[in-house]
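Student: Before we start, here is the structure in question, set down as structure tokens.
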Amino acid sequence: MNRIGVQPGLLRWARERSGRSVEYLVGRFPKLNSWERGDVLPTFRQLEEFAKATYTPIGYLFLQEPPAEELPVTDFRTMGDAEIGRPSPDLLDTLYLCQQRQDWYRDEARTAGLPPLDFVGSLDTTIDVVSAGAHLRNALGFDAEQRRRLATWTEALRQFIDQADHLGILVMVSGVVGSNTHRQLNPEEFRGFALADPLAPLIFINGADTKAAQMFTMAHEIAHLWLGESGVSNTEAVSSPSHAVERWCNQVAAELLVPADLVREEFDAGSELTAEANRLARRFKVSTLVVLRRVYDTGGVDRDAFWSAYREETVRLRNITRGSGGNQIRNVGVRVSKLLARTLIVSTLEGRTSYAEAFRLLGIKKVSTFESVAANLGVGV
């Protein structure tokens with residue numbers, strides 16, 4: 001039986017990098033402690049299984065020392081004054097998969113002779129926030145009055161995504177890595193990211209977050225595209241990031257979703273703050289935290305009242321169960337974007353893309369699923 005002379009430090013690094021507990025991995029690999037001490041060497045089959053269990057590219061385990069893994073785009077994430085830790089395999093794998101999808105769509109757009117989208121990089125941080133917010137609302141057709149008539153945050157988010165889709169933005173929403181339901185994404189690590197590109201602008205939203213929080217993430221990442229700035233974010237409406245780009249995107253996102261003039265017009269200072277925040281959250285289809293911040297920004301409440309309400313609301317929101325599940329066929333279009341899915345299916349049916357490549361990018365395994373997704377998206381097979 002062939003044993004592999006792997007560096008013990010690489011095994012420890014892979015275990016820690018995965019975020020999985022020692023107990024879980026020792027249960028899977030009873031000799032793991034001996035491997036990490038160098039007392040026993042794993043077989044190649046055991047090393048393959050260990051790499052799979054820790055989400056580690058197996059080639060990394062043959063290096064002399066752990067690689068320095070960095071995000072392939074700007075890391076805008078902040079956590080107070082603390083340094084953000086290294087990106088998890090879940091974040092990295094999600095980014096890499098989205099980049100592969102973006103690369104495919106860019107090549108297809110070039111082949112089709114599609115023109116660059118002129119809104120990507122059309123604004124800069126010197127633009128007044130109120131003007132920028134109004135500009136984005138007009139470009140998207142994202143009307144606040146229209147949102148008022150929608151029954152749920154889910155409907156509002158779906159409409160928001162469809163409006164971006166019509167502009168040529170690939171919007172992908174998922175709470176897991178690829179289609180692997182065993183690899184749940186953590187909203188505390190990142191809420192979303194933008195990959196700016198004139199032919200294939202892409203937004204990814206962490207679907208493990210609440211629908212109301214996803215609305216703000218969507219607006220924030222849209223602002224990134226209009227700046228032409230790619231990056232990973234974990235920002236919230238209440239935060240005031242130190243990075244100028246993140247701060248501008250936060251402010252524009254808030255103005256896009258909850259215009260200051262409407263807040264001043266509709267906020268009832270005589271009502272109890274929590275009840276008023278809930279009413280306005282339903283009206284604008286955003287989180288109560290966004291509303292509280294906008295009320296504070298427009299002078300509706302003082303700092304003490306704002307922070308008191310914010311802390312109470314944060315505790316309440318932590319106890320809300322995030323959405324999951326849904327229709328498997330419909331979810332394919334949500335996970336990979338309807339625009340990419342439609343384009344990919346047509347390209348496959350016309351013979352420009354192999355079924356194997358289409359299945360990989362769509363995260364499916366069967367021809368019957370491919371046909372069902374096509375039918376759901378209105379593409380004839």
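To be explicit about the labels: the chains of the structure tokens are called A, B, and onward in the order shown, and within each one the residues are counted from 1, while ligands get numbers from 1 in the order they are shown.
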So which residues touch stretch 142-151 of chain A within 9 Å, counting only C-alpha atoms, skipping near sequence neighbours fewer than 4 positions away, as a count of residues only?
Tutor: 16
Student: Compile the contact shell of A:Leu273 as a list in words: residues with an atom at most 10 Å away, counting only C-alpha atoms, same-chain residues fewer than 5 positions apart removed.
Tutor: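 My list of contacting residues is Phe267, Asp268, Asn278, Arg279, Leu292, Val295, Gly300, Val301, Ala305, Phe306 and Ala309 of chain A.
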Student: Rounded to one decimal place, report the atom CA of A:Ile222-atom CA of A:Val130 distance in Å.
Tutor: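 Between atom CA of A:Ile222 and atom CA of A:Val130 the gap works out to 15.2 Å.
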Student: I'd like the contact shell of stretch 225-234 of chain A - 7 Å cut-off, only C-alpha atoms, skipping same-chain residues fewer than 4 positions apart - returned as an NGL selection string.
Tutor: :A and (73-77 or 119-124 or 189-196 or 201 or 221)
Student: For the residues in the current selection, export N, CA, C and O atoms as an mmCIF file, in the first residue's frame.
Tutor:
```cif
data_model
loop_
_atom_site.group_PDB
_atom_site.id
_atom_site.type_symbol
_atom_site.label_atom_id
_atom_site.label_comp_id
_atom_site.auth_asym_id
_atom_site.auth_seq_id
_atom_site.Cartn_x
_atom_site.Cartn_y
_atom_site.Cartn_z
ATOM 1 N N VAL A 73 -10.424 39.392 -6.053
ATOM 2 C CA VAL A 73 -10.934 40.761 -6.223
ATOM 3 C C VAL A 73 -10.703 41.509 -4.911
ATOM 4 O O VAL A 73 -10.324 40.921 -3.903
ATOM 5 N N THR A 74 -10.960 42.812 -4.924
ATOM 6 C CA THR A 74 -10.749 43.629 -3.738
ATOM 7 C C THR A 74 -11.628 43.158 -2.586
ATOM 8 O O THR A 74 -12.811 42.873 -2.768
ATOM 9 N N ASP A 75 -11.028 43.087 -1.411
ATOM 10 C CA ASP A 75 -11.760 42.689 -0.208
ATOM 11 C C ASP A 75 -12.201 43.942 0.535
ATOM 12 O O ASP A 75 -11.392 44.612 1.184
ATOM 13 N N PHE A 76 -13.492 44.285 0.433
ATOM 14 C CA PHE A 76 -14.022 45.468 1.100
ATOM 15 C C PHE A 76 -14.625 45.132 2.458
ATOM 16 O O PHE A 76 -15.204 46.000 3.112
ATOM 17 N N ARG A 77 -14.515 43.879 2.885
ATOM 18 C CA ARG A 77 -15.147 43.487 4.140
ATOM 19 C C ARG A 77 -14.453 44.141 5.331
ATOM 20 O O ARG A 77 -13.235 44.278 5.367
ATOM 21 N N PHE A 119 -23.235 51.586 -18.725
ATOM 22 C CA PHE A 119 -23.429 52.009 -17.339
ATOM 23 C C PHE A 119 -22.309 51.518 -16.420
ATOM 24 O O PHE A 119 -22.084 52.083 -15.352
ATOM 25 N N VAL A 120 -21.590 50.476 -16.819
ATOM 26 C CA VAL A 120 -20.517 49.944 -15.966
ATOM 27 C C VAL A 120 -19.382 50.966 -15.898
ATOM 28 O O VAL A 120 -18.789 51.312 -16.915
ATOM 29 N N GLY A 121 -19.093 51.452 -14.702
ATOM 30 C CA GLY A 121 -18.037 52.451 -14.513
ATOM 31 C C GLY A 121 -18.426 53.852 -14.921
ATOM 32 O O GLY A 121 -17.551 54.704 -15.106
ATOM 33 N N SER A 122 -19.744 54.115 -15.049
ATOM 34 C CA SER A 122 -20.183 55.429 -15.533
ATOM 35 C C SER A 122 -20.254 56.488 -14.437
ATOM 36 O O SER A 122 -20.387 57.675 -14.732
ATOM 37 N N LEU A 123 -20.179 56.082 -13.165
ATOM 38 C CA LEU A 123 -20.217 57.034 -12.056
ATOM 39 C C LEU A 123 -18.915 56.982 -11.273
ATOM 40 O O LEU A 123 -18.108 56.064 -11.439
ATOM 41 N N ASP A 124 -18.708 57.965 -10.408
ATOM 42 C CA ASP A 124 -17.571 57.919 -9.484
ATOM 43 C C ASP A 124 -18.014 58.477 -8.139
ATOM 44 O O ASP A 124 -19.115 59.015 -7.998
ATOM 45 N N GLU A 189 -19.683 36.133 7.071
ATOM 46 C CA GLU A 189 -18.408 36.240 6.375
ATOM 47 C C GLU A 189 -18.514 37.195 5.193
ATOM 48 O O GLU A 189 -17.637 38.035 4.969
ATOM 49 N N PHE A 190 -19.580 37.058 4.402
ATOM 50 C CA PHE A 190 -19.792 37.985 3.288
ATOM 51 C C PHE A 190 -21.262 37.968 2.915
ATOM 52 O O PHE A 190 -21.956 36.967 3.058
ATOM 53 N N ARG A 191 -21.728 39.127 2.459
ATOM 54 C CA ARG A 191 -23.132 39.242 2.049
ATOM 55 C C ARG A 191 -23.279 39.223 0.533
ATOM 56 O O ARG A 191 -24.346 38.919 0.015
ATOM 57 N N GLY A 192 -22.226 39.578 -0.156
ATOM 58 C CA GLY A 192 -22.306 39.568 -1.605
ATOM 59 C C GLY A 192 -21.023 40.070 -2.226
ATOM 60 O O GLY A 192 -20.085 40.450 -1.522
ATOM 61 N N PHE A 193 -20.977 40.036 -3.543
ATOM 62 C CA PHE A 193 -19.842 40.626 -4.253
ATOM 63 C C PHE A 193 -20.282 41.041 -5.649
ATOM 64 O O PHE A 193 -21.309 40.599 -6.169
ATOM 65 N N ALA A 194 -19.480 41.928 -6.214
ATOM 66 C CA ALA A 194 -19.709 42.411 -7.576
ATOM 67 C C ALA A 194 -18.464 42.143 -8.404
ATOM 68 O O ALA A 194 -17.341 42.339 -7.922
ATOM 69 N N LEU A 195 -18.673 41.686 -9.632
ATOM 70 C CA LEU A 195 -17.579 41.492 -10.584
ATOM 71 C C LEU A 195 -17.876 42.393 -11.778
ATOM 72 O O LEU A 195 -18.672 42.053 -12.660
ATOM 73 N N ALA A 196 -17.269 43.574 -11.767
ATOM 74 C CA ALA A 196 -17.547 44.567 -12.810
ATOM 75 C C ALA A 196 -16.908 44.157 -14.129
ATOM 76 O O ALA A 196 -15.746 43.736 -14.163
ATOM 77 N N PRO A 201 -21.309 42.096 -16.480
ATOM 78 C CA PRO A 201 -21.329 42.525 -15.072
ATOM 79 C C PRO A 201 -22.090 41.504 -14.226
ATOM 80 O O PRO A 201 -23.146 41.019 -14.642
ATOM 81 N N GLU A 221 -24.358 46.279 -4.290
ATOM 82 C CA GLU A 221 -23.528 45.726 -5.362
ATOM 83 C C GLU A 221 -23.831 46.402 -6.703
ATOM 84 O O GLU A 221 -22.944 46.532 -7.560
#
```
Student: Enumerate, as an NGL selection string, the complete set of residues in stretch 61-214 of chain A that a backbone-based DSSP assignment places in strand (DSSP E).
Tutor: :A and (170-174 or 176-177 or 180-184 or 192-195 or 202-206)
Student: Need the shell around A:Thr94: protein/DNA/RNA residues with any atom at most 12 Å away, counting only C-alpha atoms. Skip same-chain ones fewer than 5 positions apart. Format as a ChimeraX atom specification?
Tutor: /A:55,71-72,87-89,99-101,172-180,183-186,190,192-193,203-206,232,335-336,361
Student: Between atom CA of A:Val6 and atom CA of A:Thr54, what distance in Å does the model show, to one decimal?
Tutor: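 Those two atoms sit 15.3 Å apart.
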Student: What lies within 12 Å of A:Asn33 using only C-alpha atoms, ignoring chain neighbours under 4 positions off, as a list of chain:residue names?
Tutor: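 Contacts, in chain order: A:Pro8, A:Gly9, A:Leu11, A:Arg12, A:Arg15, A:Val22, A:Glu23, A:Leu25, A:Val26, A:Gly27, A:Arg28, A:Phe29, A:Arg37, A:Gly38, A:Asp39, A:Val40, A:Leu41, A:Pro42.
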Student: Would you output that residue set with N, CA, C and O atoms, as a PDB file, in the first residue's frame?
Tutor:
```pdb
ATOM      1  N   PRO A   8       3.122  17.356   7.373  1.00  0.00           N
ATOM      2  CA  PRO A   8       2.103  17.412   8.434  1.00  0.00           C
ATOM      3  C   PRO A   8       1.471  18.794   8.579  1.00  0.00           C
ATOM      4  O   PRO A   8       0.278  18.913   8.844  1.00  0.00           O
ATOM      5  N   GLY A   9       2.275  19.841   8.382  1.00  0.00           N
ATOM      6  CA  GLY A   9       1.749  21.196   8.513  1.00  0.00           C
ATOM      7  C   GLY A   9       0.662  21.501   7.501  1.00  0.00           C
ATOM      8  O   GLY A   9      -0.254  22.289   7.774  1.00  0.00           O
ATOM      9  N   LEU A  11      -1.532  19.324   6.395  1.00  0.00           N
ATOM     10  CA  LEU A  11      -2.754  18.679   6.866  1.00  0.00           C
ATOM     11  C   LEU A  11      -3.422  19.532   7.942  1.00  0.00           C
ATOM     12  O   LEU A  11      -4.643  19.692   7.957  1.00  0.00           O
ATOM     13  N   ARG A  12      -2.619  20.097   8.836  1.00  0.00           N
ATOM     14  CA  ARG A  12      -3.173  20.978   9.872  1.00  0.00           C
ATOM     15  C   ARG A  12      -3.785  22.222   9.228  1.00  0.00           C
ATOM     16  O   ARG A  12      -4.869  22.664   9.607  1.00  0.00           O
ATOM     17  N   ARG A  15      -7.091  21.373   7.591  1.00  0.00           N
ATOM     18  CA  ARG A  15      -8.144  21.183   8.594  1.00  0.00           C
ATOM     19  C   ARG A  15      -8.647  22.519   9.125  1.00  0.00           C
ATOM     20  O   ARG A  15      -9.855  22.774   9.196  1.00  0.00           O
ATOM     21  N   VAL A  22     -12.360  19.393  14.745  1.00  0.00           N
ATOM     22  CA  VAL A  22     -11.422  18.274  14.883  1.00  0.00           C
ATOM     23  C   VAL A  22     -12.201  16.980  15.091  1.00  0.00           C
ATOM     24  O   VAL A  22     -11.870  15.930  14.525  1.00  0.00           O
ATOM     25  N   GLU A  23     -13.260  17.059  15.914  1.00  0.00           N
ATOM     26  CA  GLU A  23     -14.046  15.862  16.223  1.00  0.00           C
ATOM     27  C   GLU A  23     -14.650  15.255  14.957  1.00  0.00           C
ATOM     28  O   GLU A  23     -14.617  14.027  14.768  1.00  0.00           O
ATOM     29  N   LEU A  25     -13.618  15.595  11.799  1.00  0.00           N
ATOM     30  CA  LEU A  25     -12.613  15.055  10.886  1.00  0.00           C
ATOM     31  C   LEU A  25     -11.935  13.811  11.460  1.00  0.00           C
ATOM     32  O   LEU A  25     -11.610  12.877  10.712  1.00  0.00           O
ATOM     33  N   VAL A  26     -11.733  13.759  12.768  1.00  0.00           N
ATOM     34  CA  VAL A  26     -11.167  12.550  13.375  1.00  0.00           C
ATOM     35  C   VAL A  26     -12.158  11.396  13.251  1.00  0.00           C
ATOM     36  O   VAL A  26     -11.763  10.233  13.073  1.00  0.00           O
ATOM     37  N   GLY A  27     -13.453  11.721  13.314  1.00  0.00           N
ATOM     38  CA  GLY A  27     -14.459  10.687  13.101  1.00  0.00           C
ATOM     39  C   GLY A  27     -14.380  10.111  11.697  1.00  0.00           C
ATOM     40  O   GLY A  27     -14.603   8.914  11.496  1.00  0.00           O
ATOM     41  N   ARG A  28     -14.069  10.970  10.720  1.00  0.00           N
ATOM     42  CA  ARG A  28     -13.915  10.515   9.340  1.00  0.00           C
ATOM     43  C   ARG A  28     -12.561   9.848   9.104  1.00  0.00           C
ATOM     44  O   ARG A  28     -12.451   8.911   8.297  1.00  0.00           O
ATOM     45  N   PHE A  29     -11.526  10.386   9.785  1.00  0.00           N
ATOM     46  CA  PHE A  29     -10.150   9.910   9.570  1.00  0.00           C
ATOM     47  C   PHE A  29      -9.501   9.647  10.938  1.00  0.00           C
ATOM     48  O   PHE A  29      -8.842  10.523  11.516  1.00  0.00           O
ATOM     49  N   ARG A  37       1.010  14.628  13.247  1.00  0.00           N
ATOM     50  CA  ARG A  37       2.289  14.543  13.976  1.00  0.00           C
ATOM     51  C   ARG A  37       3.398  13.979  13.099  1.00  0.00           C
ATOM     52  O   ARG A  37       4.583  14.066  13.453  1.00  0.00           O
ATOM     53  N   GLY A  38       3.028  13.379  11.977  1.00  0.00           N
ATOM     54  CA  GLY A  38       4.021  12.767  11.101  1.00  0.00           C
ATOM     55  C   GLY A  38       4.371  11.360  11.498  1.00  0.00           C
ATOM     56  O   GLY A  38       5.314  10.769  10.955  1.00  0.00           O
ATOM     57  N   ASP A  39       3.610  10.772  12.431  1.00  0.00           N
ATOM     58  CA  ASP A  39       3.905   9.404  12.882  1.00  0.00           C
ATOM     59  C   ASP A  39       3.478   8.370  11.841  1.00  0.00           C
ATOM     60  O   ASP A  39       4.098   7.303  11.720  1.00  0.00           O
ATOM     61  N   VAL A  40       2.411   8.685  11.114  1.00  0.00           N
ATOM     62  CA  VAL A  40       1.865   7.776  10.114  1.00  0.00           C
ATOM     63  C   VAL A  40       1.580   8.592   8.863  1.00  0.00           C
ATOM     64  O   VAL A  40       1.161   9.756   8.950  1.00  0.00           O
ATOM     65  N   LEU A  41       1.789   7.993   7.703  1.00  0.00           N
ATOM     66  CA  LEU A  41       1.492   8.667   6.441  1.00  0.00           C
ATOM     67  C   LEU A  41       0.190   8.134   5.860  1.00  0.00           C
ATOM     68  O   LEU A  41      -0.085   6.927   5.942  1.00  0.00           O
ATOM     69  N   PRO A  42      -0.638   9.012   5.268  1.00  0.00           N
ATOM     70  CA  PRO A  42      -1.878   8.542   4.641  1.00  0.00           C
ATOM     71  C   PRO A  42      -1.607   7.889   3.300  1.00  0.00           C
ATOM     72  O   PRO A  42      -0.585   8.150   2.659  1.00  0.00           O
TER      73      PRO A  42
END
```
Student: Could you pull the residues within 12 Å of A:Ala269, counting only C-alpha atoms, minus those fewer than 2 positions along the same chain, as a PyMOL selection string?
Tutor: chain A and resi 263-267+271-277+295-296+298-302+305
Student: Just to be explicit: take each residue in the selection above, keep C-alpha atoms, and write the result as an mmCIF file, in the first residue's frame.
Tutor:
```cif
data_model
loop_
_atom_site.group_PDB
_atom_site.id
_atom_site.type_symbol
_atom_site.label_atom_id
_atom_site.label_comp_id
_atom_site.auth_asym_id
_atom_site.auth_seq_id
_atom_site.Cartn_x
_atom_site.Cartn_y
_atom_site.Cartn_z
ATOM 1 C CA VAL A 263 -38.594 59.320 4.604
ATOM 2 C CA ARG A 264 -39.041 62.933 5.687
ATOM 3 C CA GLU A 265 -42.502 62.951 4.152
ATOM 4 C CA GLU A 266 -43.753 59.638 5.549
ATOM 5 C CA PHE A 267 -42.057 59.187 8.940
ATOM 6 C CA SER A 271 -45.649 57.051 16.636
ATOM 7 C CA GLU A 272 -43.696 54.455 18.603
ATOM 8 C CA LEU A 273 -40.343 54.001 16.812
ATOM 9 C CA THR A 274 -40.348 50.202 16.484
ATOM 10 C CA ALA A 275 -43.884 50.144 15.074
ATOM 11 C CA GLU A 276 -43.021 52.966 12.686
ATOM 12 C CA ALA A 277 -39.862 51.179 11.552
ATOM 13 C CA VAL A 295 -34.791 57.918 9.827
ATOM 14 C CA TYR A 296 -31.659 58.791 11.789
ATOM 15 C CA THR A 298 -32.818 62.467 7.948
ATOM 16 C CA GLY A 299 -33.045 63.763 11.519
ATOM 17 C CA GLY A 300 -36.160 61.845 12.538
ATOM 18 C CA VAL A 301 -34.584 60.495 15.748
ATOM 19 C CA ASP A 302 -31.539 61.359 17.817
ATOM 20 C CA ALA A 305 -32.902 56.608 20.264
#
```
Student: When you draw a straight line from atom CA of A:Ala260 to atom CA of A:Arg294, how long is it in Å?
Tutor: 7.0 Å
Student: Can you pull out every residue within 9 Å of A:Thr125, counting only C-alpha atoms, but drop anything in the same chain fewer than 6 positions away, and send it as a ChimeraX atom specification?
Tutor: /A:227,244-245,248-249
Student: Find the residue from A:Phe62, A:Gly133, A:Thr348, A:Ser18 that sits nearest to A:Asp261; use only C-alpha atoms when measuring.
Tutor: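 Ranking A:Phe62, A:Gly133, A:Thr348, A:Ser18 by distance to A:Asp261, first place goes to A:Gly133.
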Student: Just checking: using only C-alpha atoms, which residue out of A:Val291, A:Ile329, A:Leu377, A:Ala212 ends up closest to A:Ala341?
Tutor: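 Of A:Val291, A:Ile329, A:Leu377, A:Ala212, the one nearest A:Ala341, counting only C-alpha atoms, is A:Leu377.
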